[in-house]
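Text of the file run.txt, holding compact mmCIF, C-alpha atoms:
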# COMPACT_ATOMS: atom_id res chain seq x y z
CA MET A 1 22.91 4.17 17.59
CA LYS A 2 22.59 6.58 14.66
CA VAL A 3 19.45 6.40 12.51
CA ALA A 4 18.95 8.54 9.42
CA VAL A 5 15.98 9.40 7.21
CA VAL A 6 16.35 9.59 3.44
CA LYS A 7 14.74 12.22 1.24
CA GLU A 8 12.66 10.26 -1.26
CA ARG A 9 13.65 10.53 -4.90
CA TYR A 10 11.05 8.36 -6.59
CA PRO A 11 8.93 10.47 -9.00
CA GLY A 12 5.79 11.70 -7.25
CA GLU A 13 6.73 10.21 -3.88
CA ARG A 14 5.92 12.89 -1.30
CA ARG A 15 5.96 10.79 1.87
CA VAL A 16 8.73 10.64 4.45
CA ALA A 17 9.71 7.71 6.69
CA LEU A 18 9.56 9.67 9.96
CA VAL A 19 7.69 12.84 10.96
CA PRO A 20 8.87 15.32 13.61
CA ASN A 21 6.62 13.89 16.32
CA ASN A 22 8.37 10.53 15.95
CA ILE A 23 11.77 11.98 16.88
CA PRO A 24 11.31 12.28 20.70
CA GLN A 25 10.23 8.64 20.87
CA LEU A 26 13.50 7.60 19.24
CA THR A 27 15.83 9.94 21.13
CA LYS A 28 14.27 8.75 24.38
CA ALA A 29 15.10 5.20 23.31
CA GLY A 30 18.74 6.17 22.81
CA PHE A 31 18.84 6.89 19.07
CA GLU A 32 20.61 9.82 17.46
CA VAL A 33 18.33 10.90 14.61
CA PHE A 34 19.54 12.50 11.38
CA VAL A 35 17.25 13.71 8.60
CA GLU A 36 18.30 14.56 5.07
CA ALA A 37 17.57 18.20 4.23
CA ASP A 38 14.01 18.78 2.98
CA ALA A 39 13.08 15.12 3.45
CA GLY A 40 9.69 16.05 4.89
CA ARG A 41 8.94 19.23 2.96
CA GLU A 42 6.58 17.65 0.42
CA ALA A 43 4.55 16.16 3.28
CA GLY A 44 4.35 19.49 5.12
CA PHE A 45 7.16 18.86 7.63
CA LEU A 46 9.94 21.45 7.45
CA ASP A 47 13.50 20.95 8.63
CA ALA A 48 12.92 23.38 11.49
CA ALA A 49 10.23 21.10 12.91
CA TYR A 50 12.63 18.14 12.96
CA ILE A 51 15.32 20.26 14.62
CA GLU A 52 12.85 21.46 17.24
CA LYS A 53 12.06 17.84 18.13
CA GLY A 54 15.71 16.86 18.48
CA ALA A 55 16.87 15.68 15.06
CA GLU A 56 19.92 16.91 13.15
CA ILE A 57 19.59 17.92 9.51
CA VAL A 58 22.28 16.57 7.15
CA PRO A 59 22.94 17.83 3.62
CA ASP A 60 22.82 14.83 1.32
CA LEU A 61 22.56 11.08 0.79
CA SER A 62 26.27 10.49 1.34
CA VAL A 63 26.03 11.74 4.92
CA VAL A 64 22.75 9.88 5.48
CA MET A 65 24.42 6.63 4.47
CA GLU A 66 27.03 7.03 7.23
CA ALA A 67 24.36 6.14 9.81
CA ASP A 68 24.02 2.73 11.45
CA MET A 69 20.41 2.48 10.30
CA VAL A 70 18.80 4.15 7.27
CA LEU A 71 15.05 4.63 6.94
CA CYS A 72 13.24 5.23 3.67
CA VAL A 73 9.77 4.97 2.22
CA ARG A 74 10.97 3.27 -0.97
CA CYS A 75 14.10 1.22 -1.44
CA ALA A 76 15.54 -1.58 -3.61
CA GLY A 77 12.79 -2.90 -5.91
CA ALA A 78 10.35 -0.15 -4.94
CA ASP A 79 12.71 2.49 -6.36
CA HIS A 80 15.29 1.14 -8.78
CA GLU A 81 17.11 4.43 -9.42
CA ALA A 82 17.41 5.74 -5.85
CA GLY A 83 17.79 2.18 -4.61
CA ALA A 84 20.89 1.82 -6.78
CA ALA A 85 22.31 5.08 -5.43
CA MET A 86 21.79 3.90 -1.85
CA ARG A 87 23.15 0.44 -2.64
CA GLY A 88 26.39 1.94 -3.90
CA LYS A 89 26.93 3.61 -0.54
CA ALA A 90 25.72 0.77 1.71
CA ARG A 91 28.21 -1.16 3.83
CA SER A 92 28.41 -4.49 5.55
CA GLY A 93 26.30 -4.75 8.69
CA GLN A 94 24.41 -1.53 7.99
CA ILE A 95 20.65 -1.77 8.46
CA ILE A 96 18.33 -0.46 5.73
CA ILE A 97 14.58 -0.34 6.40
CA GLY A 98 11.86 0.50 3.90
CA SER A 99 9.36 -0.84 1.39
CA CYS A 100 11.39 -2.88 -1.09
CA ASP A 101 8.84 -4.75 -3.26
CA PRO A 102 10.66 -8.07 -2.63
CA LEU A 103 7.94 -10.29 -4.10
CA GLY A 104 7.51 -8.16 -7.22
CA GLN A 105 11.19 -7.34 -7.79
CA ALA A 106 13.14 -10.23 -6.30
CA LYS A 107 16.16 -9.51 -8.54
CA ALA A 108 16.53 -6.09 -6.92
CA ILE A 109 16.82 -7.80 -3.54
CA ALA A 110 19.51 -10.13 -4.89
CA ASP A 111 21.42 -7.07 -6.12
CA TRP A 112 21.53 -5.74 -2.55
CA ALA A 113 22.89 -8.89 -0.96
CA PRO A 114 26.58 -8.40 -1.97
CA THR A 115 26.70 -5.12 -0.02
CA GLY A 116 26.55 -7.15 3.19
CA SER A 117 23.89 -4.80 4.52
CA ILE A 118 20.88 -6.05 6.44
CA LEU A 119 17.84 -5.14 4.40
CA PHE A 120 14.39 -5.16 5.98
CA SER A 121 11.32 -5.05 3.74
CA LEU A 122 8.32 -3.66 5.60
CA GLU A 123 5.77 -5.17 3.20
CA LEU A 124 6.60 -8.57 4.66
CA ILE A 125 5.49 -7.78 8.20
CA PRO A 126 3.34 -10.76 9.24
CA ARG A 127 -0.34 -10.26 9.93
CA ILE A 128 -0.23 -11.19 13.58
CA THR A 129 -1.69 -9.28 16.52
CA ARG A 130 1.69 -8.18 17.84
CA ALA A 131 2.63 -6.65 14.48
CA GLN A 132 -0.56 -4.71 13.77
CA SER A 133 0.99 -1.40 14.84
CA MET A 134 3.86 -1.99 12.36
CA ASP A 135 1.73 -2.99 9.36
CA VAL A 136 2.64 -0.49 6.66
CA LEU A 137 0.53 -2.20 4.01
CA SER A 138 -2.59 -1.75 6.09
CA SER A 139 -1.90 1.85 7.11
CA GLN A 140 -1.17 2.95 3.55
CA ALA A 141 -4.08 0.93 2.12
CA THR A 142 -6.38 2.91 4.41
CA ILE A 143 -5.17 6.10 2.72
CA ALA A 144 -5.53 4.57 -0.75
CA GLY A 145 -9.10 3.39 -0.20
CA TYR A 146 -10.14 6.82 1.04
CA ARG A 147 -8.43 8.67 -1.79
CA ALA A 148 -9.83 6.36 -4.47
CA VAL A 149 -13.40 7.30 -3.54
CA LEU A 150 -12.59 11.02 -3.55
CA ILE A 151 -11.10 10.70 -7.02
CA ALA A 152 -14.19 8.85 -8.24
CA ALA A 153 -16.43 11.51 -6.71
CA MET A 154 -14.53 14.28 -8.49
CA GLU A 155 -14.64 12.53 -11.86
CA LEU A 156 -18.23 11.27 -11.74
CA PRO A 157 -20.73 13.69 -13.37
CA LYS A 158 -23.13 13.03 -10.48
CA MET A 159 -23.31 13.74 -6.77
CA PHE A 160 -23.11 10.84 -4.34
CA PRO A 161 -26.10 11.41 -2.00
CA MET A 162 -29.78 11.15 -2.79
CA MET A 163 -31.14 14.70 -2.74
CA MET A 164 -34.76 15.85 -2.74
CA THR A 165 -34.97 19.40 -4.03
CA ALA A 166 -37.55 21.73 -5.52
CA ALA A 167 -35.94 20.99 -8.85
CA GLY A 168 -36.55 17.27 -8.47
CA THR A 169 -35.11 14.21 -6.74
CA LEU A 170 -31.57 13.08 -7.46
CA ALA A 171 -30.90 9.37 -7.06
CA ALA A 172 -27.98 8.26 -4.92
CA THR A 173 -24.83 7.11 -6.67
CA LYS A 174 -24.39 3.35 -6.86
CA GLY A 175 -20.93 2.18 -5.88
CA PHE A 176 -19.35 -1.26 -6.15
CA VAL A 177 -16.18 -2.12 -4.22
CA ILE A 178 -14.34 -5.28 -5.25
CA GLY A 179 -12.10 -6.62 -2.50
CA ALA A 180 -12.93 -6.07 1.16
CA GLY A 181 -9.44 -5.81 2.57
CA VAL A 182 -8.22 -2.67 4.32
CA ALA A 183 -8.41 -0.47 1.20
CA GLY A 184 -11.79 -1.86 0.21
CA LEU A 185 -13.32 -1.40 3.65
CA GLN A 186 -12.09 2.19 3.80
CA ALA A 187 -13.51 2.80 0.33
CA ILE A 188 -16.88 1.44 1.48
CA ALA A 189 -16.87 3.63 4.59
CA THR A 190 -15.90 6.77 2.65
CA ALA A 191 -18.45 6.23 -0.14
CA ARG A 192 -21.18 5.63 2.43
CA LYS A 193 -20.28 8.82 4.30
CA LEU A 194 -20.62 10.72 1.04
CA GLY A 195 -24.09 9.27 0.57
CA ALA A 196 -23.61 6.52 -2.00
CA VAL A 197 -25.38 3.18 -1.97
CA VAL A 198 -22.51 0.70 -1.81
CA HIS A 199 -22.29 -2.95 -2.76
CA ALA A 200 -19.13 -4.94 -2.16
CA TYR A 201 -17.71 -8.33 -3.02
CA ASP A 202 -14.80 -10.36 -1.74
CA VAL A 203 -13.78 -13.91 -2.54
CA ARG A 204 -13.59 -14.49 1.23
CA PRO A 205 -17.16 -14.98 2.51
CA ALA A 206 -16.03 -14.09 6.03
CA CYS A 207 -15.80 -10.44 4.90
CA ARG A 208 -19.59 -10.14 4.77
CA GLU A 209 -19.89 -9.03 8.40
CA GLN A 210 -17.28 -6.31 7.99
CA VAL A 211 -18.93 -4.99 4.82
CA GLU A 212 -22.35 -4.87 6.42
CA SER A 213 -21.01 -3.22 9.58
CA LEU A 214 -20.02 -0.25 7.40
CA GLY A 215 -23.42 0.00 5.75
CA GLY A 216 -22.47 -1.82 2.57
CA LYS A 217 -24.42 -4.62 0.93
CA PHE A 218 -22.45 -7.82 0.40
CA VAL A 219 -22.78 -9.26 -3.10
CA GLU A 220 -23.39 -13.00 -3.22
CA LEU A 221 -22.04 -14.82 -6.25
CA GLU A 222 -23.12 -18.41 -6.80
CA ILE A 223 -19.61 -19.74 -6.92
CA ASP A 224 -17.60 -21.91 -4.56
CA ALA A 225 -14.71 -19.85 -3.16
CA GLY A 226 -13.25 -22.86 -1.35
CA ALA A 227 -9.98 -22.12 0.45
CA SER A 228 -9.79 -18.49 -0.65
CA GLU A 229 -7.73 -17.08 2.23
CA ASP A 230 -4.16 -17.86 3.28
CA LYS A 231 -2.92 -18.04 6.87
CA GLY A 232 -1.84 -14.40 6.71
CA GLY A 233 -5.36 -13.20 5.98
CA TYR A 234 -4.70 -12.37 2.32
CA ALA A 235 -6.79 -13.62 -0.57
CA LYS A 236 -5.20 -16.60 -2.33
CA ALA A 237 -4.81 -16.98 -6.06
CA MET A 238 -7.52 -19.20 -7.56
CA ASP A 239 -7.56 -21.09 -10.86
CA GLU A 240 -8.63 -19.52 -14.16
CA ASP A 241 -11.98 -21.32 -14.26
CA PHE A 242 -12.87 -19.68 -10.96
CA TYR A 243 -11.96 -16.21 -12.23
CA ARG A 244 -13.83 -16.76 -15.51
CA ARG A 245 -17.02 -17.64 -13.65
CA GLN A 246 -16.45 -14.76 -11.26
CA ARG A 247 -16.12 -12.29 -14.13
CA GLU A 248 -19.33 -13.51 -15.71
CA LEU A 249 -21.34 -13.17 -12.51
CA MET A 250 -19.81 -9.84 -11.60
CA ALA A 251 -20.52 -8.18 -14.96
CA SER A 252 -24.17 -7.52 -14.13
CA VAL A 253 -23.25 -5.80 -10.85
CA VAL A 254 -20.63 -3.69 -12.62
CA ALA A 255 -23.16 -2.66 -15.27
CA GLN A 256 -25.50 -1.28 -12.60
CA SER A 257 -22.78 0.74 -10.86
CA ASP A 258 -21.83 4.40 -11.29
CA ILE A 259 -18.43 3.93 -9.67
CA VAL A 260 -16.35 0.79 -9.22
CA ILE A 261 -13.35 0.63 -6.90
CA THR A 262 -11.21 -2.47 -7.34
CA THR A 263 -8.66 -3.50 -4.71
CA ALA A 264 -8.13 -7.24 -5.26
CA ALA A 265 -4.47 -8.20 -5.02
CA ILE A 266 -2.44 -11.35 -4.41
CA PRO A 267 1.00 -10.70 -2.79
CA GLY A 268 3.77 -11.40 -5.28
CA ARG A 269 1.37 -12.34 -8.07
CA PRO A 270 -0.34 -10.49 -10.94
CA SER A 271 -3.65 -8.96 -9.93
CA PRO A 272 -6.65 -11.16 -10.73
CA ARG A 273 -8.53 -10.00 -13.82
CA LEU A 274 -12.11 -9.38 -12.66
CA ILE A 275 -13.63 -6.81 -15.02
CA THR A 276 -13.55 -7.49 -18.74
CA ALA A 277 -13.65 -4.91 -21.52
CA ASP A 278 -17.18 -6.11 -22.33
CA ALA A 279 -18.23 -5.49 -18.72
CA VAL A 280 -16.89 -1.93 -18.98
CA ARG A 281 -18.87 -1.37 -22.16
CA GLY A 282 -21.98 -2.47 -20.28
CA MET A 283 -21.67 0.48 -17.89
CA GLN A 284 -23.39 3.81 -18.41
CA PRO A 285 -21.31 6.57 -20.03
CA GLY A 286 -19.87 8.83 -17.36
CA SER A 287 -19.24 5.95 -14.96
CA VAL A 288 -15.84 5.70 -13.28
CA ILE A 289 -13.58 2.76 -12.41
CA VAL A 290 -10.64 3.30 -10.05
CA ASP A 291 -8.37 0.25 -10.24
CA LEU A 292 -6.04 0.14 -7.22
CA ALA A 293 -4.43 -3.04 -8.55
CA ALA A 294 -3.22 -1.44 -11.80
CA GLU A 295 0.46 -1.64 -10.83
CA ARG A 296 0.31 -5.46 -10.97
CA GLY A 297 -1.65 -5.67 -14.20
CA GLY A 298 -5.01 -4.46 -12.92
CA ASN A 299 -8.33 -5.98 -11.93
CA CYS A 300 -9.84 -4.35 -15.01
CA GLU A 301 -8.77 -5.53 -18.45
CA LEU A 302 -8.49 -1.95 -19.73
CA SER A 303 -6.55 -0.43 -16.83
CA GLN A 304 -3.16 1.13 -17.45
CA PRO A 305 -0.88 2.22 -14.59
CA ASP A 306 -1.16 5.94 -13.86
CA LYS A 307 -3.14 6.64 -17.04
CA ARG A 308 -6.65 7.78 -17.91
CA VAL A 309 -8.43 5.40 -20.25
CA VAL A 310 -11.86 6.13 -21.68
CA GLU A 311 -13.91 3.28 -23.16
CA ASN A 312 -17.46 3.87 -24.41
CA GLY A 313 -17.69 6.95 -22.19
CA VAL A 314 -16.48 5.09 -19.08
CA LEU A 315 -13.36 6.47 -17.37
CA ILE A 316 -10.84 3.91 -16.06
CA LEU A 317 -8.10 5.16 -13.74
CA GLY A 318 -5.12 3.11 -12.55
CA PRO A 319 -3.34 5.11 -9.82
CA THR A 320 -0.31 3.35 -8.35
CA ASN A 321 0.66 5.55 -5.39
CA LEU A 322 -2.38 7.18 -3.82
CA PRO A 323 -0.87 7.48 -0.32
CA ALA A 324 1.67 9.93 -1.76
CA GLU A 325 -1.25 12.18 -2.71
CA ILE A 326 -2.12 12.59 0.98
CA PRO A 327 1.49 12.68 2.20
CA ASN A 328 0.98 14.37 5.55
CA HIS A 329 -1.30 11.80 7.15
CA ALA A 330 0.24 8.95 5.16
CA SER A 331 3.66 9.88 6.59
CA GLN A 332 2.27 10.16 10.10
CA MET A 333 0.86 6.64 9.89
CA LEU A 334 3.98 5.28 8.21
CA GLY A 335 6.26 6.97 10.75
CA ASN A 336 4.35 5.40 13.62
CA ASN A 337 4.67 2.00 11.93
CA VAL A 338 8.44 2.47 11.57
CA VAL A 339 8.91 3.58 15.19
CA LYS A 340 7.10 0.47 16.43
CA PHE A 341 9.24 -1.68 14.13
CA LEU A 342 12.41 -0.09 15.49
CA GLY A 343 11.18 -0.64 19.03
CA ASN A 344 10.98 -4.35 18.32
CA LEU A 345 14.39 -4.38 16.65
CA VAL A 346 16.36 -2.35 19.21
CA LYS A 347 15.73 -2.90 22.91
CA LYS A 348 17.55 -1.07 25.71
CA GLY A 349 19.85 0.43 23.10
CA GLU A 350 20.95 -2.95 21.80
CA LEU A 351 20.23 -4.32 18.33
CA GLN A 352 18.50 -7.69 18.64
CA LEU A 353 18.36 -9.65 15.40
CA ASN A 354 16.46 -12.52 16.94
CA ALA A 355 15.72 -15.11 14.24
CA ASP A 356 13.05 -16.64 16.47
CA ASP A 357 11.05 -13.40 16.32
CA GLU A 358 8.54 -13.87 13.52
CA ILE A 359 8.51 -10.15 12.69
CA ILE A 360 12.28 -9.94 12.31
CA ARG A 361 12.57 -13.27 10.52
CA ASP A 362 9.88 -12.50 7.96
CA THR A 363 11.00 -8.96 7.11
CA MET A 364 14.77 -9.50 6.91
CA VAL A 365 15.55 -10.20 3.26
CA THR A 366 19.35 -9.89 3.06
CA ARG A 367 22.17 -10.45 5.57
CA ASP A 368 25.86 -11.42 5.43
CA GLY A 369 25.93 -11.14 1.65
CA GLN A 370 23.01 -13.52 1.11
CA VAL A 371 19.29 -13.37 0.33
CA ILE A 372 17.90 -15.03 3.45
CA SER A 373 14.15 -14.62 2.88
CA GLU A 374 12.65 -17.97 1.89
CA ARG A 375 9.88 -16.30 -0.09
CA VAL A 376 12.33 -14.19 -2.11
CA SER A 377 14.72 -17.13 -2.60
CA LYS A 378 11.92 -19.23 -4.06
CA LEU A 379 11.18 -16.51 -6.58
CA LEU A 380 14.83 -16.22 -7.54
CA ASN A 381 15.28 -19.96 -7.89
CA GLY A 382 11.87 -20.74 -9.32

Once you've parsed the file, please lay out its structure as structure tokens.
Amino acid sequence: MKVAVVKERYPGERRVALVPNNIPQLTKAGFEVFVEADAGREAGFLDAAYIEKGAEIVPDLSVVMEADMVLCVRCAGADHEAGAAMRGKARSGQIIIGSCDPLGQAKAIADWAPTGSILFSLELIPRITRAQSMDVLSSQATIAGYRAVLIAAMELPKMFPMMMTAAGTLAATKGFVIGAGVAGLQAIATARKLGAVVHAYDVRPACREQVESLGGKFVELEIDAGASEDKGGYAKAMDEDFYRRQRELMASVVAQSDIVITTAAIPGRPSPRLITADAVRGMQPGSVIVDLAAERGGNCELSQPDKRVVENGVLILGPTNLPAEIPNHASQMLGNNVVKFLGNLVKKGELQLNADDEIIRDTMVTRDGQVISERVSKLLNG
């Protein structure tokens, strides 16, 4: 079976779907691996390294799309322009695997269906024990949480640790992390390692133990979170009265913080609005907010995707693709996720599209000319 890796074309996307060390695992499993020229260059992986590990370099997208299976970081709704170019070359029965933003861009998934290709969206991998090694959202969120703190540290006009010097004592930076998922927990760990005092909040009370295990202090808000977590382990959307009360209680914690990292997201929904413009104005000038939910509208009222906003001396950043800023390790993690996914999809050299397999069923979004994902279909018909 021939599998090919696309060179990413999305602006600023520096990751690659497989790294050279992934190639022997696939060739041993019976795959022939093709890599588009310079696909890994931006992540620090040259063509020669792929060749050394057993891959063949091919010149362009047209040749890539001749493979039985095509691997990409971004596809369909996650990259409209390149997704359209790939879609025009896709054929019936061909397997395309990548991040497709199916819940945010359902129409883009519908556009793929007529090709007859089998499109797998890696964001939909279920949060079950067997799929942990394939979970691209978690692996890339780890990178994002780490990077967000480094950005805040560079922008903040203070140092993170408490320092006692002959010139006086410097107080430790106060950090506040909103959302204790994978990105939030990594942000807590990174900020603590740099010496900050870190508080954290999550609508799911069960996150307290994880926050405290990393040295953070869990923020208690006198508000009933109720059923705040779905069966997949993600935070659920709550009603507006809940968010209004949450914003009011959170404003005082925000005001006392030097840096705020927000990570709260609801799959397929706009990001919950947690920090108002008034709360931002209550912060000290020089403070920094890094809003990791900016792509879906932002947790902060003033956030704008990929822009710097300054309000009353407070800097608000809304980066939308932090993993691409650390492309080497992000690609290594992503490549390992993809190899594990392929290992579940192809066994003993045979493609096994087993609809009873929860991983395959949940991630397959198009097949035989139809959108077959229930979640995507509901969005299209809703």

So that I can see what lies close to region 76-92 of chain A, please list as a list in words the residues with an atom at most 7 Å from it, counting only C-alpha atoms and leaving out residues fewer than 3 positions away in the same chain.
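Close residues of region 76-92 of chain A: Arg9, Tyr10, Met65, Ser99, Cys100, Asp101, Pro102, Gln105, Ala108, Ile109, Trp112, Thr115, Gly116 and Ser117 of chain A.
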
If you count all atoms listed in the file, which residues fall within 6 Å of region 330-347 of chain A, apart from same-chain ones fewer than 3 positions away, as a PyMOL selection string?
chain A and resi 15-18+133-134+323+327+350-352

Atoms to include: C-alpha atoms. Write the selected residues as a tab-separated table (two decimals), in the coordinates of the input.
chain	number	residue	atom	x	y	z
A	15	ARG	CA	5.96	10.79	1.87
A	16	VAL	CA	8.73	10.64	4.45
A	17	ALA	CA	9.71	7.71	6.69
A	18	LEU	CA	9.56	9.67	9.96
A	133	SER	CA	0.99	-1.40	14.84
A	134	MET	CA	3.86	-1.99	12.36
A	323	PRO	CA	-0.87	7.48	-0.32
A	327	PRO	CA	1.49	12.68	2.20
A	350	GLU	CA	20.95	-2.95	21.80
A	351	LEU	CA	20.23	-4.32	18.33
A	352	GLN	CA	18.50	-7.69	18.64

In Å, with one decimal, what is the gap from CA of Asp47 (chain A) to CA of Leu61 (chain A)?
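CA of Leu61 (chain A) lies at a distance of 15.5 Å from CA of Asp47 (chain A).
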
Rank A:Ala43, A:Ile188, A:Glu123, A:Ala67 by their smallest atom-to-atom distance to Gly12 (chain A), using all atoms listed in the file, and report the top residue only.
A:Ala43

Using all atoms listed in the file, which protein or nucleic acid residues come within 9 Å of region 250-258 of chain A? Drop anything in the same chain fewer than 3 positions from it, and give the result as number ranges by chain.
A: 156, 158, 173-176, 199, 201, 219, 221, 245-247, 274-276, 278-284, 286-289

So, counting all atoms listed in the file, which residue among A:Met154, A:Ile95, A:Val6, A:Ala141 is closest to Arg74 (chain A)?
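Comparing A:Met154, A:Ile95, A:Val6, A:Ala141 against Arg74 (chain A), the winner is A:Val6.
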
Mind giving me the straight-line distance from CA of Ala106 (chain A) to CA of Ile118 (chain A) in Å, one decimal?
15.5 Å

Using only C-alpha atoms, collect all residues at a distance of at most 10 Å from (-20.6, 6.6, 1.1) as written in the file, then present them as a PyMOL selection string.
chain A and resi 149+160-161+172-175+186-198+214-216

What does the structure give for the distance between CA of Lys217 (chain A) and CA of Ser303 (chain A), in Å to one decimal?
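Here the two named atoms are 25.5 Å from each other.
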
Let me have the centre and edge lengths in Å, one decimal, of the box along x, y and z around every listed atom of region 167-170 of chain A with 5 Å of margin on each side, as JSON.
{"center_x": -34.1, "center_y": 17.0, "center_z": -7.8, "size_x": 15.0, "size_y": 17.9, "size_z": 12.1}

Using all atoms listed in the file: which of A:Ser377, A:Gln94, A:Thr142, A:Asn312 has the shortest distance to Pro285 (chain A):
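The closest residue to Pro285 (chain A) is A:Asn312.
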
Contact residues around Gly44 (chain A) with only C-alpha atoms at 8 Å, ignoring same-chain residues under 3 positions, as an MDAnalysis selection string:
chainID A and resid 40:41 327:328

Considering only C-alpha atoms, can you say which of A:Val376, A:Ala148, A:Ala206, A:Ala167 comes closest to Asp291 (chain A)?
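Among the listed residues, A:Ala148 lies closest to Asp291 (chain A).
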
Let me make sure I understand: among A:Val290, A:Glu212, A:Arg244, A:Ile178, which one has the smallest atom-to-atom distance to Arg308 (chain A) if we use only C-alpha atoms?
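Between A:Val290, A:Glu212, A:Arg244, A:Ile178, the residue approaching Arg308 (chain A) most closely is A:Val290.
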